[in-house]
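K.L.:
This structure is in structure tokens; I'll ask about it shortly.
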Amino acid sequence: MKTINAITTLSLLSAAIPAAAQQPEPSDSIQPATYETLDEVVISARKPVIQANGEKISYNVEEDPAADSSSALEMLRKVPSVTIDGQDNIFINGNGNFRIQVNGKDDPSLSMNTGKILKAMPASAIVRFEIIQEPGAKFDAEGAAGILNIITARRQSNDGYAGSLSIGAGRTQLTPSAYIRAKKGKFSGNAHVEYAGNPFANQTNDSDERIEYLTDMNNHLSRLSAKQQFGFHYIGGGIDLAFEPDSLNLITANMNVRGMDGFIRKYDETNRMFDSEGNLRWGYDRKADNGGLTNFGLSAGMSYQHTFRRRGHHIILSYLYSRGNDKLDVTRRFTETINFQSPEYSYFCMDNTTNEHTVQLDYALPLSDERHIIETGAKTVFRRNDGSGHESYGDSKENLSVDEPTATDMRQFQDIAAAYASYTGSLGKWSLKAGVRYEHTRMGINFRKGDYDDFTTHLNDVVPNAAVSYSFAPAHSLRASYQMRITRPSLSQVNPARIPLSVNNVQFGNPDLDSEHNNKVTLTYSNFGRMIGGNLSLEYSQTDNSIEHYVYSDGITIFSTSANLGKNRATTLSGFLNCNFSAKTRLTINGNVQYVDIKAPDPSSDGSISANGWTGYIGGSFDWTMPAAIRLNAYGGKSFGNIGLYSSSNGWYYYGISLSRSFLKNDALTVALNAGNFLESSRSFKHRQHTASTITHSEYRNHDWNIGVSLSWNFGSLKSQTKKTDASISNDDQSQGGQSKGLGF
């Protein structure tokens with residue numbers, strides 16, 4: 001039996017057709033036709049690694065040969081429009097304000113520590129990444145950069161089972177995982193579990209920070225350095241079930257659980273304060289001898305879909321419960337002090353828990369010719385967050401007293417009611433999509449400890465969108481779109497309670513904040529060619545009321561708060577190119593270039609503050625199946641930094657290579673060798689922040705080079721997908737998503 005890639009199918013079939021039948025030539029006599037007899041042929045089409053249409057970008061992780069030996073974060077670096085800085089913070093088109101989902105559903109455990117969890121998660125647990133750049137009215141309005149959706153549900157259909165087992169080992173972590181899917185009659189389902197850990201605690205990073213206090217000549221310059229060695233354990237798992245009693249009804253249920261435990265092995269910190277003349281004022285050295293960060297997340301939901309007799313005509317009722325918990329605790333000890341008075345030991349702890357209940361109703365009605373569809377729906381979210389924490393001090397670990405001014409205990413609440421309507425239609429080569437969404441938000445804080453007043457605030461947002469596409473050739477299309485996205489102020493940003501950060505530094509929120517409204521116009525050309533394909537996009541975005549942090553002083557105390565002061569403009573040219581040179585060789589290149597212009601009045605003076613400049617990103621991946629069926633994958637990328645109103649960062653880069661080979665029947669066993677960022681012991685990430693009262697320079701060095709090996713075994717055979725309802729709950733409304741928070745002790 002011969003297996004032939006779809007790229008070579010036409011030439012193969014052409015070879016089997018008589019030459020005279022292909023293109024008859026003028027002749028006085030007809031020559032006898034000659035034929036070639038072929039063996040049995042199986043034609044296998046390779047799914048593209050990257051697919052895009054201007055509305056959404058999909059990166060098919062299963063089609064990447066490096067997936068069996070990489071982390072999910074390493075795979076995410078290859079997705080067009082995504083950049084990840086040296087501290088594992090994730091950006092989409094340079095914007096960190098995006099929503100994150102797993103299989104179209106919110107996951108509380110990912111929203112706070114996204115980078116750390118994806119760095120621990122093996123890529124083999126993921127089917128594909130989706131970057132939904134134009135979510136439309138059906139999705140929550142929050143997230144200026146769109147939605148990152150992580151798909152883990154795999155395919156299954158005919159009765160039977162299939163699955164995979166894999167294990168990877170490298171310098172920094174061990175990653176076993178298992179997956180199984182099965183179907184019997186009207187029931188189907190899949191389950192997965194994965195672990196990643198660094199039990200030897202040999203991951204290290206170090207940092208330096210220099211803060212200049214412009215208004216304080218005595219405590220004028222702070223120099224802080226820290227070195228950290230730590231380990232972690234991560235375990236995740238989930239199950240998806242479907243019951244289809246008949247062709248018109250479908251019931252689905254799902255549950256996902258994730259947990260991570262990061263622990264300190266060693267932490268050393270040195271801090272020195274100088275006056276404006278360079279004289280040492282005070283200083284200290286201290287160590288952290290225990291503590292760590294734990295993260296837990298659970299989500300469980302059900303959906304019922306009833307399909308009417310007309311194709312595409314359905315109603316769906318969904319419910320989702322989510323719970324997340326973050327705990328941080330660390331004990332530190334001063335080992336040396338210079339003109340600095342403090343108890344020898346300090347202990348800090350924080351415990352935050354989130355609970356969500358979401359109910360959603362979706363209805364789709366195709367019109368008579370099924371080329372036009374009207375969709376409408378409603379959604380309610382009830383969110384309760386409990387947070388507490390305190391610092392304790394004492395002369396020994398056993399004798400610590402709580403510092404009451406630092407103690408907090410509060411309940412945050414956020415209730416959202418939303419409704420939407422949208423239209424999708426096509427006429428010949430033209431297609432149109434338009435919709436509008438309304439969201440009402442009620443949120444606030446009830447303080448159970450501390451001398452703070454409870455408060456409640458209300459927000460109302462109307463969010464429209466529209467897009468029109470024209471297919472002027474079978475593989476070519478042009479798309480123009482308008483999107484409005486919002487960014488709600490976080491609860492900390494609207495909290496009016498005045499919180500002392502130090503003796504002369506006070507922070508408070510602004511309850512009069514409104515949601516940011518980001519307006520974006522995009523023109524995209526797409527070419528879905530089989531050999532060479534990709535897209536090119538030109539985008540202009542504008543925000544006239546962005547929430548900006550600002551600082552002012554009364555001469556003694558520095559106050560910091562936020563207001564809707566900013567006017568942000570950004571013009572971005574982005575695209576990717578996918579080249580299938582042959583069935584064995586593929587090259588993918590993606591990147592963007594962006595000009596940013598940010599302005600805001602300066603509340604501390606009569607002037608204004610502005611920042612502008614160019615930034616961008618370029619990355620690529622090369623796949624080659626070499627002789628002896630050895631697969632080579634090499635990848636790398638570079639970002640040219642970020643620009644903010646008060647801050648800027650330098651560029652960063654990454655690279656990696658893997659070699660893999662499959663064995664046994666149907667390539668059931670795969671062995672891979674991999675290496676990443678291996679040419680130097682560490683990579684640095686630099687950041688600068690300039691406010692009216694401070695100038696901060698920081699450098700973070702990550703010792704993340706890795707060399708490892710992995711094994712993966714596939715068993716069974718199933719081919720099509722687990723049933724899913726046509727709509728699912730996706731709580732993509734919360735602000736501050738996508739940013740990872742390191743141990744940072």
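Following the order of the structure tokens, chains are lettered A, B, ..., residues in each are numbered from 1, and ligands are numbered from 1.
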Among region 111-324 of chain A, which ones does DSSP assign to strand (DSSP E or B) (computed from the backbone)? Answer as a ChimeraX atom specification.

P.N.:
/A:122,128-132,142,147-151,155,160-170,174-184,187-197,203-213,221-246,249-274,280-307,314-324

K.L.:
List as number ranges by chain the protein and nucleic acid residues near Thr456 (chain A), meaning an atom at most 12 Å away when only C-alpha atoms are counted, but skip any in the same chain fewer than 4 places from it.

P.N.:
A: 411-415, 441-447, 491, 494-496, 510-512

K.L.:
Hey, can you spit out that residue selection with C-alpha atoms as a compact mmCIF listing (two decimals), in the first residue's frame?

P.N.:
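New file result.txt:
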# COMPACT_ATOMS: atom_id res chain seq x y z
CA ARG A 411 -15.91 40.05 49.44
CA GLN A 412 -15.90 41.37 45.88
CA PHE A 413 -19.03 40.94 43.78
CA GLN A 414 -19.69 41.36 40.09
CA ASP A 415 -23.05 40.62 38.44
CA THR A 441 -22.52 45.39 35.23
CA ARG A 442 -23.08 45.78 38.97
CA MET A 443 -19.91 45.43 41.03
CA GLY A 444 -18.42 46.46 44.34
CA ILE A 445 -16.71 45.40 47.57
CA ASN A 446 -17.97 44.58 51.05
CA PHE A 447 -15.20 44.95 53.64
CA LEU A 491 -12.40 46.13 41.37
CA VAL A 494 -12.68 51.44 41.50
CA ASN A 495 -12.09 50.71 45.21
CA PRO A 496 -12.03 54.14 46.95
CA ASN A 510 -11.67 55.79 41.54
CA PRO A 511 -15.35 54.68 41.74
CA ASP A 512 -16.26 57.03 38.84

K.L.:
Considering only C-alpha atoms, state which residue in the set A:Lys227, A:Lys266, A:Lys584, A:Arg333 is at the smallest distance from Arg631 (chain A).

P.N.:
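Ranking A:Lys227, A:Lys266, A:Lys584, A:Arg333 by distance to Arg631 (chain A), first place goes to A:Lys584.
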
K.L.:
Between CA of Met75 (chain A) and CA of Thr172 (chain A), what is the distance, to one decimal in Å?

P.N.:
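CA of Thr172 (chain A) lies 17.0 Å from CA of Met75 (chain A).
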
K.L.:
Could you tell me which of A:Ala226, A:Leu317, A:Leu632, A:Leu367 comes closest to Asn249 (chain A) if we count only C-alpha atoms?

P.N.:
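Comparing A:Ala226, A:Leu317, A:Leu632, A:Leu367 against Asn249 (chain A), the winner is A:Leu317.
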
K.L.:
Could you name the residues that touch Asp268 (chain A) at 8 Å or less, counting only C-alpha atoms, but leaving out those on the same chain fewer than 3 positions away, as a list in words?

P.N.:
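The neighbour list is Ala226, Lys227, Gln228, Asp285, Arg286, Lys287 and Ala288 of chain A.
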
K.L.:
Quote the spacing between CA of His690 (chain A) and CA of Tyr646 (chain A) in Å to one decimal place.

P.N.:
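CA of Tyr646 (chain A) lies 5.2 Å from CA of His690 (chain A).
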
K.L.:
In Å to one decimal, how far is CA of Leu241 (chain A) from CA of Ala191 (chain A)?

P.N.:
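Separating CA of Ala191 (chain A) from CA of Leu241 (chain A) is a distance of 8.8 Å.
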
K.L.:
Could you give me the residues within region 108-298 of chain A that DSSP places in alpha helix (DSSP H), as a ChimeraX atom specification?

P.N.:
/A:108-112,114-120

K.L.:
I need the residue nearest Gly324 (chain A) from this list: A:Asn256, A:Ser164, A:Gln305, A:Thr215. Use only C-alpha atoms for the distance.

P.N.:
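Of the candidates, the smallest distance to Gly324 (chain A) is held by A:Asn256.
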
K.L.:
Pick the closest to Asn527 (chain A) from A:Tyr213, A:Phe576, A:Tyr420, A:Tyr617: which is it, counting only C-alpha atoms?

P.N.:
A:Phe576

K.L.:
Pick out the residues sitting within 8 Å of Asn93 (chain A), and hand them over as a list in words; count only C-alpha atoms, and ignore anything fewer than 6 positions along from it in its own chain.

P.N.:
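Contacts, with the query itself left out: Ser81, Val82, Thr83, Ala145 and Asn592 of chain A.
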
K.L.:
Which of these residues is nearest to Pro627 (chain A), using only C-alpha atoms: A:Pro135, A:Ser322, A:Ser660, A:Ser639?

P.N.:
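Going through A:Pro135, A:Ser322, A:Ser660, A:Ser639 one by one, the smallest distance to Pro627 (chain A) is for A:Ser660.
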
K.L.:
Taking only C-alpha atoms into account, name the residue in A:Phe129, A:Phe263, A:Phe243, A:Tyr452 that is nearest to Gly185 (chain A).

P.N.:
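So, comparing all the options, the nearest one is A:Phe243.
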
K.L.:
For Arg210 (chain A), work out the shell of residues within 6 Å, counting only C-alpha atoms and skipping chain neighbours fewer than 3 positions away, then give it as a CSV table (one decimal) with N, CA and C atoms, in the first residue's frame.

P.N.:
chain,number,residue,atom,x,y,z
A,222,SER,N,17.0,53.6,45.5
A,222,SER,CA,16.9,52.2,46.0
A,222,SER,C,17.5,51.3,45.0
A,223,ARG,N,18.3,50.4,45.5
A,223,ARG,CA,18.9,49.3,44.6
A,223,ARG,C,18.6,48.0,45.2
A,696,THR,N,12.0,54.0,37.4
A,696,THR,CA,12.4,52.6,37.7
A,696,THR,C,13.0,51.9,36.6
A,697,HIS,N,14.1,51.3,36.8
A,697,HIS,CA,14.8,50.4,35.8
A,697,HIS,C,14.9,49.0,36.4
